[in-house]
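One file, target.tsv, carrying TSV, C-alpha atoms:
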```
chain	number	residue	atom	x	y	z
G	148	MET	CA	-115.88	223.16	29.35
G	149	THR	CA	-116.30	219.95	31.35
G	150	ASN	CA	-118.31	221.71	34.02
G	151	ARG	CA	-120.58	223.27	31.43
G	152	ARG	CA	-121.17	219.88	29.85
G	153	ASN	CA	-121.94	218.30	33.21
G	154	ARG	CA	-124.42	221.02	33.93
G	155	LEU	CA	-126.07	220.48	30.57
G	156	LEU	CA	-126.43	216.75	31.26
G	157	ALA	CA	-127.77	217.29	34.77
G	158	ALA	CA	-130.67	219.41	33.55
G	159	PRO	CA	-132.62	216.60	31.83
G	160	LEU	CA	-131.91	214.18	34.68
G	161	LEU	CA	-133.37	216.65	37.12
G	162	ALA	CA	-136.43	216.95	34.87
G	163	LEU	CA	-136.83	213.13	34.87
G	164	LEU	CA	-136.63	212.95	38.66
G	165	ALA	CA	-139.24	215.69	38.94
G	166	LEU	CA	-141.52	213.78	36.59
G	167	LEU	CA	-141.18	210.60	38.61
G	168	ALA	CA	-141.77	212.42	41.84
G	169	PHE	CA	-144.98	214.18	40.83
G	170	ALA	CA	-146.52	211.70	38.39
G	171	GLY	CA	-147.95	209.38	41.08
G	172	PRO	CA	-150.07	211.78	43.08
G	173	ALA	CA	-151.43	213.23	39.89
G	174	ALA	CA	-152.71	209.80	38.83
G	175	ALA	CA	-154.09	208.97	42.23
G	176	SER	CA	-155.87	212.22	42.60
G	177	GLY	CA	-157.34	212.15	39.09
G	178	GLU	CA	-159.50	208.91	39.45
G	179	SER	CA	-162.32	208.28	41.98
G	180	VAL	CA	-162.95	204.96	43.77
G	181	GLY	CA	-166.37	204.60	42.13
G	182	SER	CA	-165.10	205.03	38.68
G	183	CYS	CA	-162.34	202.58	39.46
G	184	MET	CA	-164.85	200.10	40.75
G	185	ALA	CA	-167.02	200.69	37.70
G	186	GLU	CA	-164.06	200.26	35.46
G	187	LYS	CA	-163.15	196.97	37.13
G	188	LEU	CA	-166.69	195.86	36.96
G	189	GLU	CA	-166.90	196.75	33.29
G	190	GLU	CA	-163.76	194.75	32.68
G	191	LEU	CA	-165.35	191.82	34.51
G	192	ILE	CA	-168.49	192.11	32.41
G	193	GLU	CA	-166.46	192.15	29.25
G	194	GLU	CA	-164.69	189.00	30.40
G	195	SER	CA	-168.13	187.36	30.98
G	196	HIS	CA	-169.29	188.46	27.56
G	197	GLY	CA	-172.09	190.54	29.00
G	198	ASP	CA	-173.61	187.89	31.16
G	199	LEU	CA	-174.58	189.78	34.32
G	200	ASP	CA	-175.80	186.65	36.13
G	201	GLU	CA	-172.52	185.03	35.68
G	202	VAL	CA	-170.87	188.11	36.98
G	203	LEU	CA	-173.10	188.17	40.04
G	204	HIS	CA	-172.50	184.56	40.56
G	205	GLU	CA	-168.84	184.87	40.44
G	206	LEU	CA	-169.00	187.82	42.80
G	207	HIS	CA	-171.07	185.80	45.12
G	208	VAL	CA	-169.02	182.66	44.83
G	209	ASP	CA	-165.74	184.20	44.77
G	210	THR	CA	-165.63	186.91	47.39
G	211	SER	CA	-162.09	187.50	46.70
G	212	ILE	CA	-163.10	189.34	43.61
G	213	GLY	CA	-164.70	191.99	45.68
G	214	ASP	CA	-161.75	192.11	47.84
G	215	HIS	CA	-159.74	192.39	44.75
G	216	PHE	CA	-161.84	195.32	43.54
G	217	GLU	CA	-161.63	196.94	46.86
G	218	LYS	CA	-157.96	196.35	47.01
G	219	LYS	CA	-157.48	197.72	43.52
G	220	CYS	CA	-159.64	200.79	43.72
G	221	VAL	CA	-159.73	201.68	47.37
G	222	GLU	CA	-155.97	201.29	47.80
G	223	ALA	CA	-154.23	204.67	46.98
G	224	PRO	CA	-151.65	204.80	44.20
G	225	SER	CA	-147.93	205.15	44.97
G	226	PRO	CA	-147.04	208.74	45.64
G	227	ILE	CA	-143.59	208.23	44.21
G	228	LEU	CA	-143.85	205.91	41.29
G	229	PRO	CA	-145.85	207.36	38.39
G	230	GLU	CA	-148.02	205.51	36.09
G	231	THR	CA	-146.30	203.36	33.55
G	232	ASN	CA	-147.72	205.23	30.60
G	233	GLU	CA	-146.60	208.49	32.09
G	234	ILE	CA	-143.15	207.07	32.50
G	235	ILE	CA	-143.20	205.96	28.91
G	236	TRP	CA	-144.53	209.27	27.58
G	237	GLY	CA	-142.32	211.25	29.84
G	238	GLY	CA	-139.32	209.13	28.97
G	239	ALA	CA	-140.09	209.48	25.26
G	240	ALA	CA	-140.52	213.21	25.60
G	241	PHE	CA	-137.38	213.35	27.60
G	242	LEU	CA	-135.48	211.36	25.03
G	243	ILE	CA	-136.85	213.52	22.20
G	244	LEU	CA	-136.00	216.61	24.10
G	245	PHE	CA	-132.62	215.21	25.06
G	246	VAL	CA	-131.88	214.23	21.47
G	247	LEU	CA	-132.99	217.65	20.28
G	248	MET	CA	-130.87	219.23	22.91
G	249	VAL	CA	-127.87	217.07	22.00
G	250	LYS	CA	-128.31	217.51	18.26
G	251	LYS	CA	-129.44	221.11	18.06
G	252	GLY	CA	-129.25	222.92	21.32
G	253	PHE	CA	-125.93	221.73	22.57
G	254	PRO	CA	-124.06	222.49	19.29
G	255	ALA	CA	-125.69	225.88	19.14
G	256	VAL	CA	-124.92	226.58	22.72
G	257	LYS	CA	-121.47	225.09	22.26
G	258	GLY	CA	-120.94	227.19	19.12
G	259	ALA	CA	-122.09	230.28	20.92
G	260	MET	CA	-119.93	229.38	23.86
G	261	ASP	CA	-117.01	228.65	21.55
G	262	ALA	CA	-117.60	231.87	19.66
G	263	ARG	CA	-117.88	233.63	22.93
G	264	ALA	CA	-114.73	231.95	24.19
G	265	GLU	CA	-112.99	232.67	20.89
G	266	LYS	CA	-114.11	236.26	21.05
G	267	ILE	CA	-112.97	236.49	24.63
G	268	ARG	CA	-109.71	234.78	23.62
G	269	SER	CA	-109.26	237.14	20.70
G	270	ASP	CA	-110.15	240.02	22.96
G	271	LEU	CA	-107.65	238.75	25.47
G	272	ASP	CA	-105.11	238.30	22.69
G	273	ALA	CA	-105.89	241.79	21.42
G	274	ALA	CA	-105.66	243.07	24.95
G	275	GLU	CA	-102.39	241.22	25.39
G	276	GLN	CA	-101.19	242.56	22.07
G	277	ALA	CA	-102.32	246.00	23.08
G	278	ARG	CA	-100.57	245.54	26.41
G	279	VAL	CA	-97.45	244.37	24.62
G	280	ASP	CA	-97.76	247.24	22.19
G	281	ALA	CA	-98.33	249.61	25.05
G	282	GLN	CA	-95.39	248.12	26.85
G	283	SER	CA	-93.33	248.48	23.68
G	284	VAL	CA	-94.51	252.04	23.31
G	285	GLN	CA	-93.78	252.60	26.96
G	286	SER	CA	-90.35	251.01	26.56
G	287	ASP	CA	-89.76	253.11	23.49
G	288	TYR	CA	-91.02	256.16	25.30
G	289	GLU	CA	-88.86	255.38	28.29
G	290	ALA	CA	-85.89	254.79	25.99
G	291	ARG	CA	-86.56	258.06	24.23
G	292	LEU	CA	-87.05	259.75	27.56
G	293	ALA	CA	-83.76	258.28	28.74
G	294	ASP	CA	-82.12	259.39	25.51
G	295	ALA	CA	-83.66	262.82	25.90
G	296	LYS	CA	-82.46	262.99	29.48
G	297	THR	CA	-79.02	261.85	28.38
G	298	GLU	CA	-79.03	264.36	25.53
G	299	ALA	CA	-80.27	267.09	27.84
G	300	SER	CA	-77.61	266.17	30.37
G	301	ARG	CA	-75.00	266.18	27.63
G	302	LEU	CA	-76.21	269.53	26.34
G	303	ILE	CA	-76.21	270.92	29.85
G	304	ASP	CA	-72.70	269.60	30.41
G	305	GLU	CA	-71.58	271.02	27.08
G	306	GLY	CA	-73.26	274.31	27.85
G	307	ARG	CA	-71.66	274.36	31.26
G	308	ALA	CA	-68.28	273.51	29.74
G	309	ASP	CA	-68.73	276.19	27.09
G	310	ALA	CA	-69.80	278.67	29.73
G	311	ASP	CA	-66.80	277.75	31.84
G	312	GLN	CA	-64.56	278.12	28.82
G	313	VAL	CA	-66.07	281.47	27.90
G	314	ARG	CA	-65.86	282.59	31.49
G	315	THR	CA	-62.26	281.48	31.72
G	316	GLY	CA	-61.48	283.21	28.45
G	317	LEU	CA	-63.18	286.39	29.58
G	318	ILE	CA	-61.40	286.31	32.89
G	319	THR	CA	-58.07	285.71	31.16
G	320	GLN	CA	-58.79	288.48	28.67
G	321	ALA	CA	-59.90	290.81	31.44
G	322	GLU	CA	-56.80	290.03	33.45
G	323	ALA	CA	-54.64	290.58	30.37
G	324	ASP	CA	-56.45	293.83	29.63
G	325	ALA	CA	-56.08	294.93	33.23
G	326	ALA	CA	-52.40	294.04	33.17
G	327	GLY	CA	-52.02	295.93	29.91
G	328	ILE	CA	-53.87	298.91	31.31
G	329	ARG	CA	-51.73	298.82	34.45
G	330	GLU	CA	-48.60	298.48	32.37
G	331	ARG	CA	-49.63	301.31	30.07
G	332	ALA	CA	-50.61	303.44	33.02
G	333	ALA	CA	-47.27	302.74	34.69
G	334	SER	CA	-45.45	303.43	31.44
G	335	GLU	CA	-47.42	306.59	30.82
G	336	SER	CA	-46.90	307.63	34.39
G	337	ALA	CA	-43.17	307.00	34.10
G	338	ALA	CA	-43.07	308.80	30.76
G	339	ALA	CA	-45.05	311.70	32.17
G	340	LYS	CA	-42.76	311.80	35.16
G	341	ALA	CA	-39.67	311.70	32.96
G	342	GLN	CA	-41.16	314.34	30.69
G	343	ALA	CA	-42.02	316.50	33.66
G	344	ILE	CA	-38.51	316.12	35.00
G	345	ALA	CA	-37.05	316.88	31.58
G	346	ASP	CA	-39.34	319.86	31.17
G	347	LEU	CA	-38.44	321.07	34.62
G	348	ARG	CA	-34.76	320.53	33.97
G	349	SER	CA	-35.02	322.30	30.63
G	350	GLU	CA	-36.95	325.11	32.22
G	351	VAL	CA	-34.41	325.42	34.99
G	352	ALA	CA	-31.60	325.20	32.44
G	353	GLY	CA	-33.25	327.85	30.31
G	354	ILE	CA	-33.67	330.13	33.28
G	355	ALA	CA	-30.12	329.47	34.44
G	356	LEU	CA	-28.69	329.90	30.98
G	357	GLY	CA	-30.70	333.03	30.38
G	358	ALA	CA	-29.32	334.44	33.59
G	359	ALA	CA	-25.82	333.24	32.70
G	360	GLU	CA	-26.11	334.77	29.23
G	361	ARG	CA	-27.17	338.08	30.68
G	362	VAL	CA	-24.29	337.95	33.14
G	363	VAL	CA	-21.86	337.03	30.36
G	364	GLN	CA	-23.14	339.75	28.09
G	365	ALA	CA	-22.84	342.29	30.85
G	366	SER	CA	-19.32	341.20	31.60
G	367	LEU	CA	-18.16	341.03	27.96
G	368	ASP	CA	-16.65	344.43	27.51
G	369	ALA	CA	-14.08	345.25	24.87
G	370	GLU	CA	-11.20	344.11	27.02
G	371	VAL	CA	-12.78	340.77	27.74
G	372	GLN	CA	-13.70	340.35	24.09
G	373	GLY	CA	-10.09	341.04	23.15
G	374	ARG	CA	-8.85	338.48	25.66
G	375	LEU	CA	-11.32	335.93	24.39
G	376	ILE	CA	-10.16	336.48	20.80
G	377	ASP	CA	-6.53	336.26	21.84
G	378	ALA	CA	-7.24	333.08	23.75
G	379	TYR	CA	-9.01	331.69	20.72
G	380	ILE	CA	-6.04	332.53	18.48
G	381	ASP	CA	-3.72	330.84	20.93
G	382	GLU	CA	-5.96	327.83	21.05
G	383	VAL	CA	-6.07	327.53	17.25
G	384	ALA	CA	-2.32	327.93	17.11
G	385	GLY	CA	-2.01	325.20	19.70
G	386	THR	CA	0.01	327.29	22.08
G	387	ASP	CA	-2.64	327.16	24.77
G	388	GLY	CA	-2.90	323.80	26.37
J	216	MET	CA	-19.48	328.11	-6.94
J	217	ALA	CA	-21.89	325.76	-8.52
J	218	ASP	CA	-24.24	328.38	-9.99
J	219	PRO	CA	-22.80	329.54	-13.34
J	220	MET	CA	-24.60	332.85	-13.08
J	221	VAL	CA	-23.05	333.55	-9.64
J	222	ALA	CA	-19.65	332.43	-10.89
J	223	GLY	CA	-19.94	334.65	-13.95
J	224	TYR	CA	-20.84	337.73	-11.96
J	225	ALA	CA	-18.06	336.93	-9.43
J	226	GLU	CA	-15.51	336.61	-12.19
J	227	ALA	CA	-16.65	339.86	-13.74
J	228	LEU	CA	-16.48	341.73	-10.43
J	229	PHE	CA	-13.04	340.34	-9.74
J	230	ALA	CA	-11.84	341.30	-13.21
J	231	VAL	CA	-13.09	344.86	-12.78
J	232	ALA	CA	-11.55	345.11	-9.32
J	233	ALA	CA	-8.25	343.76	-10.59
J	234	ALA	CA	-8.33	346.11	-13.54
J	235	GLU	CA	-8.90	349.07	-11.26
J	236	GLY	CA	-5.95	348.30	-8.94
J	237	ASP	CA	-5.77	346.30	-5.68
J	238	PRO	CA	-8.70	343.87	-5.74
J	239	SER	CA	-8.34	342.98	-2.08
J	240	VAL	CA	-9.64	346.37	-1.04
J	241	VAL	CA	-12.66	346.03	-3.27
J	242	GLU	CA	-13.15	342.50	-2.04
J	243	ASP	CA	-13.09	343.66	1.55
J	244	GLU	CA	-15.56	346.46	0.92
J	245	LEU	CA	-17.94	344.26	-1.04
J	246	PHE	CA	-17.65	341.57	1.65
J	247	ARG	CA	-18.66	343.99	4.35
J	248	PHE	CA	-21.57	345.27	2.25
J	249	ALA	CA	-22.69	341.71	1.59
J	250	GLN	CA	-22.65	340.99	5.35
J	251	ALA	CA	-24.72	344.12	5.96
J	252	LEU	CA	-27.17	342.93	3.30
J	253	ARG	CA	-27.43	339.52	5.00
J	254	SER	CA	-28.07	341.02	8.42
J	255	ASP	CA	-30.51	343.73	7.29
J	256	ASP	CA	-33.55	342.29	5.55
J	257	SER	CA	-35.12	345.71	4.96
J	258	LEU	CA	-32.04	346.82	3.04
J	259	GLY	CA	-32.16	343.77	0.83
J	260	SER	CA	-35.89	344.11	0.18
J	261	THR	CA	-35.53	347.78	-0.64
J	262	LEU	CA	-32.75	347.24	-3.16
J	263	ALA	CA	-34.64	344.28	-4.70
J	264	ASP	CA	-37.94	346.15	-4.94
J	265	THR	CA	-38.50	346.71	-8.63
J	266	GLY	CA	-41.45	348.95	-7.74
J	267	LEU	CA	-38.93	351.56	-6.71
J	268	PRO	CA	-37.23	353.47	-9.47
J	269	LEU	CA	-33.72	352.24	-10.14
J	270	ALA	CA	-32.36	355.72	-9.56
J	271	ARG	CA	-33.87	355.65	-6.05
J	272	ARG	CA	-32.28	352.32	-5.26
J	273	LEU	CA	-28.94	353.43	-6.68
J	274	GLN	CA	-29.18	356.52	-4.54
J	275	VAL	CA	-29.57	354.30	-1.49
J	276	ILE	CA	-26.38	352.50	-2.48
J	277	GLU	CA	-24.61	355.79	-2.99
J	278	ASP	CA	-25.75	356.96	0.39
J	279	LEU	CA	-24.49	353.81	2.06
J	280	LEU	CA	-21.17	353.33	0.29
J	281	GLY	CA	-20.33	356.69	-1.18
J	282	SER	CA	-18.32	357.91	1.78
J	283	ARG	CA	-17.24	354.49	3.12
J	284	ALA	CA	-16.10	352.58	0.06
J	285	SER	CA	-14.25	353.13	-3.14
J	286	ALA	CA	-15.99	354.27	-6.28
J	287	VAL	CA	-15.26	350.90	-7.87
J	288	SER	CA	-17.05	349.05	-5.06
J	289	THR	CA	-20.04	351.39	-5.26
J	290	ALA	CA	-20.17	351.04	-9.03
J	291	LEU	CA	-19.99	347.25	-8.85
J	292	VAL	CA	-22.80	347.03	-6.28
J	293	SER	CA	-24.88	349.44	-8.39
J	294	MET	CA	-24.22	347.30	-11.45
J	295	VAL	CA	-25.41	344.09	-9.74
J	296	VAL	CA	-28.49	345.77	-8.25
J	297	GLY	CA	-29.25	347.43	-11.59
J	298	ALA	CA	-29.07	343.99	-13.22
J	299	GLY	CA	-31.78	342.81	-10.84
J	300	ARG	CA	-29.47	340.42	-8.93
J	301	THR	CA	-29.77	341.95	-5.48
J	302	ALA	CA	-30.83	338.65	-3.91
J	303	GLU	CA	-27.76	336.92	-5.35
J	304	LEU	CA	-25.34	339.72	-4.38
J	305	PRO	CA	-24.05	338.05	-1.13
J	306	ALA	CA	-23.31	334.79	-2.96
J	307	ILE	CA	-21.69	336.70	-5.83
J	308	VAL	CA	-19.49	338.59	-3.39
J	309	ASP	CA	-18.52	335.38	-1.55
J	310	ALA	CA	-17.55	333.80	-4.88
J	311	MET	CA	-15.61	336.91	-5.85
J	312	VAL	CA	-13.73	336.86	-2.53
J	313	GLU	CA	-12.94	333.18	-3.01
J	314	ARG	CA	-11.83	333.97	-6.53
J	315	GLY	CA	-9.55	336.75	-5.34
J	316	ALA	CA	-8.02	334.64	-2.57
J	317	ALA	CA	-7.48	331.84	-5.03
J	318	SER	CA	-5.70	334.26	-7.33
J	319	ARG	CA	-3.31	334.84	-4.45
J	320	ASN	CA	-3.05	331.14	-3.66
J	321	LYS	CA	-5.00	331.56	-0.44
J	322	THR	CA	-8.26	330.36	1.11
J	323	VAL	CA	-10.91	332.58	2.67
J	324	ALA	CA	-11.43	332.09	6.41
J	325	THR	CA	-14.73	333.61	7.46
J	326	VAL	CA	-14.41	334.74	11.05
J	327	ARG	CA	-17.53	335.52	13.05
J	328	SER	CA	-17.11	337.59	16.13
J	329	ALA	CA	-19.18	339.88	18.33
J	330	VAL	CA	-16.59	342.58	17.83
J	331	ASP	CA	-14.24	343.41	15.01
J	332	LEU	CA	-10.75	341.98	15.09
J	333	THR	CA	-7.79	344.23	15.07
J	334	ALA	CA	-5.30	343.96	12.22
J	335	ASP	CA	-2.88	342.27	14.57
J	336	GLN	CA	-5.47	339.79	15.68
J	337	SER	CA	-6.38	339.04	12.08
J	338	GLU	CA	-2.75	338.43	11.16
J	339	ARG	CA	-2.12	336.24	14.20
J	340	LEU	CA	-5.32	334.31	13.55
J	341	ALA	CA	-4.29	333.74	9.92
J	342	ALA	CA	-0.92	332.52	11.10
J	343	ALA	CA	-2.51	330.28	13.70
J	344	ILE	CA	-4.81	328.75	11.11
J	345	ASN	CA	-1.86	328.23	8.83
J	346	THR	CA	-0.05	326.53	11.66
J	347	ARG	CA	-3.01	324.30	12.42
J	348	THR	CA	-4.26	323.46	8.93
J	349	GLY	CA	-1.25	324.19	6.74
J	350	ARG	CA	-3.30	326.49	4.55
J	351	ASP	CA	-2.73	330.16	3.83
J	352	VAL	CA	-5.90	332.04	4.54
J	353	GLU	CA	-7.33	335.50	4.23
J	354	VAL	CA	-9.41	336.44	7.22
J	355	ARG	CA	-12.81	337.98	6.53
J	356	VAL	CA	-14.49	339.17	9.70
J	357	VAL	CA	-18.27	339.07	10.07
J	358	ILE	CA	-19.69	340.96	13.04
J	359	ASP	CA	-22.25	338.63	14.64
J	360	PRO	CA	-23.59	339.63	18.09
J	361	SER	CA	-25.14	336.17	18.55
J	362	VAL	CA	-21.62	334.81	19.05
J	363	LEU	CA	-21.57	336.81	22.32
J	364	GLY	CA	-17.81	336.44	22.72
J	365	GLY	CA	-14.88	334.63	21.18
J	366	VAL	CA	-14.59	333.61	17.51
J	367	VAL	CA	-16.08	331.11	15.05
J	368	THR	CA	-13.88	330.42	12.04
J	369	GLU	CA	-15.21	328.77	8.89
J	370	ILE	CA	-12.72	327.52	6.29
J	371	GLY	CA	-14.69	325.78	3.59
J	372	ASP	CA	-16.49	322.99	5.39
J	373	ASP	CA	-14.27	323.17	8.48
J	374	ILE	CA	-15.49	325.09	11.50
J	375	ILE	CA	-13.43	326.04	14.52
J	376	ASP	CA	-15.88	327.27	17.15
J	377	GLY	CA	-14.42	329.08	20.14
J	378	SER	CA	-17.45	331.22	20.90
J	379	VAL	CA	-19.13	331.89	24.21
J	380	ARG	CA	-22.38	330.87	22.50
J	381	ARG	CA	-21.02	327.36	21.92
J	382	ARG	CA	-20.02	327.06	25.55
J	383	LEU	CA	-23.45	328.19	26.67
J	384	ASN	CA	-25.01	325.63	24.33
J	385	GLN	CA	-22.75	322.94	25.76
J	386	LEU	CA	-23.85	323.99	29.22
J	387	ARG	CA	-27.48	323.80	28.08
J	388	GLU	CA	-26.92	320.31	26.71
J	389	SER	CA	-25.32	319.21	29.95
J	390	PHE	CA	-28.50	320.15	31.79
J	391	ARG	CA	-30.56	317.75	29.66
```
What is this file in structure tokens?
Amino acid sequence: MTNRRNRLLAAPLLALLALLAFAGPAAASGESVGSCMAEKLEELIEESHGDLDEVLHELHVDTSIGDHFEKKCVEAPSPILPETNEIIWGGAAFLILFVLMVKKGFPAVKGAMDARAEKIRSDLDAAEQARVDAQSVQSDYEARLADAKTEASRLIDEGRADADQVRTGLITQAEADAAGIRERAASESAAAKAQAIADLRSEVAGIALGAAERVVQASLDAEVQGRLIDAYIDEVAGTDG
Amino acid sequence: MADPMVAGYAEALFAVAAAEGDPSVVEDELFRFAQALRSDDSLGSTLADTGLPLARRLQVIEDLLGSRASAVSTALVSMVVGAGRTAELPAIVDAMVERGAASRNKTVATVRSAVDLTADQSERLAAAINTRTGRDVEVRVVIDPSVLGGVVTEIGDDIIDGSVRRRLNQLRESFR
């Protein structure tokens, strides 16, 4: 703000310096020596109330007047210092312009600059707010992402644990089933073996008994039958053994 | 003798046999016929076949018993068959035999053997049973080839098995 104000004040000063610098040559170049001499002479006539003889006399008596004219008109004006009226007019114009600038231009420019600065400030604030909001959104997003990652990790862990549990259960069940199958197979095998042995023994017994029965029948003649009956009678009577 | 009908017939048969003389002879003949009826299914079915004329069935009885048994025994069998009680005849005869033995203060001992016992063997067996059980018995022999050899005696619910069949069965059991 201070720099802008300094620049605003420097502008009219630079204009004043330019006016002072170029006012002189303009005055010197705009008036000829003759006209200057004529003007001086006219002023001298007016001072003599139109009496040309008196004027000539004075010029003749007082030669310094001519020298004065020559000095006044032949001598070139200052290239730096402008004419006094120009300084006055220029200074007045400058003051008017400066006052106008101070009263009208500067507030307008200042208002525009302030509005601009305010707009920029509000834009910056909005941008900051947006950045903060974005950061908040980003933080929220990152938090959600972290939560999601945590949840996903938890779900994965749970799924892995469940899978391990299911796998363990299946393995245990399979081992139990296999053990049961082995046990049943062994039991069935033993039962089949025992049954086969029993069947074989029964078959052998049947064959042996069939043969024994045939032998007994063949050997049981009337005499043997009589002895068997007698032995039975003795046994019932208790006389045998 | 739980069946009243069987008991009634048995009592009637015994009364007739007693009225006609020595009932033990009739009992013995009827017992043998009853055993033949048990062992021969075709005989039983023929006598029980009501499709055959009664005279034909009575003729069968006459043919079987006429020359081997007394007229009283033949008449009693014909009476039971004519009454349509052929199927119950063995039980009726058993009850009659029990009734007769009871009338003599004895118990029937049913003896199963592959061959018939001699009179001496029957008397000695009756004496042996008396010695063992203290009961007087009348021996009734049933010829049963399945016994193979030896004797199986049944006195009421008591059984004294001295058969070769039993020994073979014991041998069979020992193989198991």
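Considering only C-alpha atoms, the residue among J:Val352, J:Leu340, J:Val292, J:Val287 positioned nearest to chain G is J:Leu340.
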- Could you please select, counting only C-alpha atoms, the residues of chain J within 6 Å of chain G and state them as number ranges by chain? J: 340, 343, 347, 364-365, 390
Could you save the residues just selected, with C-alpha atoms, as a compact mmCIF listing (two decimals), in the frame of the given file?
```
# COMPACT_ATOMS: atom_id res chain seq x y z
CA LEU J 340 -5.32 334.31 13.55
CA ALA J 343 -2.51 330.28 13.70
CA ARG J 347 -3.01 324.30 12.42
CA GLY J 364 -17.81 336.44 22.72
CA GLY J 365 -14.88 334.63 21.18
CA PHE J 390 -28.50 320.15 31.79
```
- Computed interatomic separation between atom CA of Ala286 of chain J and atom CA of Ala225 of chain J (Å):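 Taking atom CA of Ala286 of chain J and atom CA of Ala225 of chain J, their separation equals 17.7 Å.
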- Contacts of Leu291 of chain J within 9 Å, only C-alpha atoms, excl. fewer than 3 positions in-chain, as an MDAnalysis selection string: chainID J and resid 228 231:232 245 286:288 294:296
- Name the residues in contact with Asp372 of chain J at a cut-off of 12 Å, using all atoms listed in the file, excluding same-chain residues fewer than 3 positions from it; report them as a VMD selection string. chain J and resid 322 to 325 368 to 369 375
- Measuring atom to atom with all atoms listed in the file, identify which of J:Glu277, J:Glu242, J:Asp351, J:Asp256 is nearest to Glu226 of chain J.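 Nearest to Glu226 of chain J: J:Glu242.
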Assuming 8 Å of padding per side, give the centre and edge lengths of the axis-aligned box around every listed atom of segment 330-342 of chain J, in Å to one decimal and as JSON.
```
{"center_x": -8.8, "center_y": 338.4, "center_z": 13.9, "size_x": 31.7, "size_y": 27.7, "size_z": 23.9}
```
All heavy atoms are needed for segment 350-354 of chain J; please write them out as a PDB file, in the coordinates of the input.
```
ATOM      1  N   ARG J 350      -2.781 325.727   5.679  1.00  0.00           N
ATOM      2  CA  ARG J 350      -3.300 326.490   4.550  1.00  0.00           C
ATOM      3  C   ARG J 350      -3.133 327.981   4.822  1.00  0.00           C
ATOM      4  O   ARG J 350      -3.364 328.447   5.944  1.00  0.00           O
ATOM      5  CB  ARG J 350      -4.778 326.176   4.325  1.00  0.00           C
ATOM      6  CG  ARG J 350      -5.004 324.793   3.778  1.00  0.00           C
ATOM      7  CD  ARG J 350      -6.462 324.583   3.430  1.00  0.00           C
ATOM      8  NE  ARG J 350      -7.298 324.449   4.612  1.00  0.00           N
ATOM      9  CZ  ARG J 350      -8.589 324.175   4.554  1.00  0.00           C
ATOM     10  NH1 ARG J 350      -9.179 324.010   3.376  1.00  0.00           N
ATOM     11  NH2 ARG J 350      -9.285 324.070   5.670  1.00  0.00           N
ATOM     12  N   ASP J 351      -2.777 328.707   3.731  1.00  0.00           N
ATOM     13  CA  ASP J 351      -2.730 330.160   3.830  1.00  0.00           C
ATOM     14  C   ASP J 351      -4.142 330.695   3.656  1.00  0.00           C
ATOM     15  O   ASP J 351      -4.844 330.317   2.701  1.00  0.00           O
ATOM     16  CB  ASP J 351      -1.822 330.756   2.734  1.00  0.00           C
ATOM     17  CG  ASP J 351      -0.343 330.521   3.023  1.00  0.00           C
ATOM     18  OD1 ASP J 351      -0.016 330.344   4.222  1.00  0.00           O
ATOM     19  OD2 ASP J 351       0.438 330.470   2.070  1.00  0.00           O
ATOM     20  N   VAL J 352      -4.521 331.554   4.575  1.00  0.00           N
ATOM     21  CA  VAL J 352      -5.900 332.040   4.540  1.00  0.00           C
ATOM     22  C   VAL J 352      -5.914 333.556   4.580  1.00  0.00           C
ATOM     23  O   VAL J 352      -4.968 334.195   5.060  1.00  0.00           O
ATOM     24  CB  VAL J 352      -6.721 331.489   5.727  1.00  0.00           C
ATOM     25  CG1 VAL J 352      -6.824 329.973   5.658  1.00  0.00           C
ATOM     26  CG2 VAL J 352      -6.112 331.937   7.057  1.00  0.00           C
ATOM     27  N   GLU J 353      -7.029 334.081   4.066  1.00  0.00           N
ATOM     28  CA  GLU J 353      -7.330 335.500   4.230  1.00  0.00           C
ATOM     29  C   GLU J 353      -8.545 335.587   5.157  1.00  0.00           C
ATOM     30  O   GLU J 353      -9.570 334.978   4.890  1.00  0.00           O
ATOM     31  CB  GLU J 353      -7.668 336.142   2.874  1.00  0.00           C
ATOM     32  CG  GLU J 353      -6.465 336.238   1.954  1.00  0.00           C
ATOM     33  CD  GLU J 353      -6.820 336.930   0.651  1.00  0.00           C
ATOM     34  OE1 GLU J 353      -8.007 337.307   0.478  1.00  0.00           O
ATOM     35  OE2 GLU J 353      -5.934 337.087  -0.200  1.00  0.00           O
ATOM     36  N   VAL J 354      -8.357 336.357   6.201  1.00  0.00           N
ATOM     37  CA  VAL J 354      -9.410 336.440   7.220  1.00  0.00           C
ATOM     38  C   VAL J 354     -10.440 337.486   6.806  1.00  0.00           C
ATOM     39  O   VAL J 354     -10.081 338.626   6.503  1.00  0.00           O
ATOM     40  CB  VAL J 354      -8.807 336.800   8.593  1.00  0.00           C
ATOM     41  CG1 VAL J 354      -9.918 337.043   9.612  1.00  0.00           C
ATOM     42  CG2 VAL J 354      -7.874 335.692   9.061  1.00  0.00           C
TER      43      VAL J 354
END
```
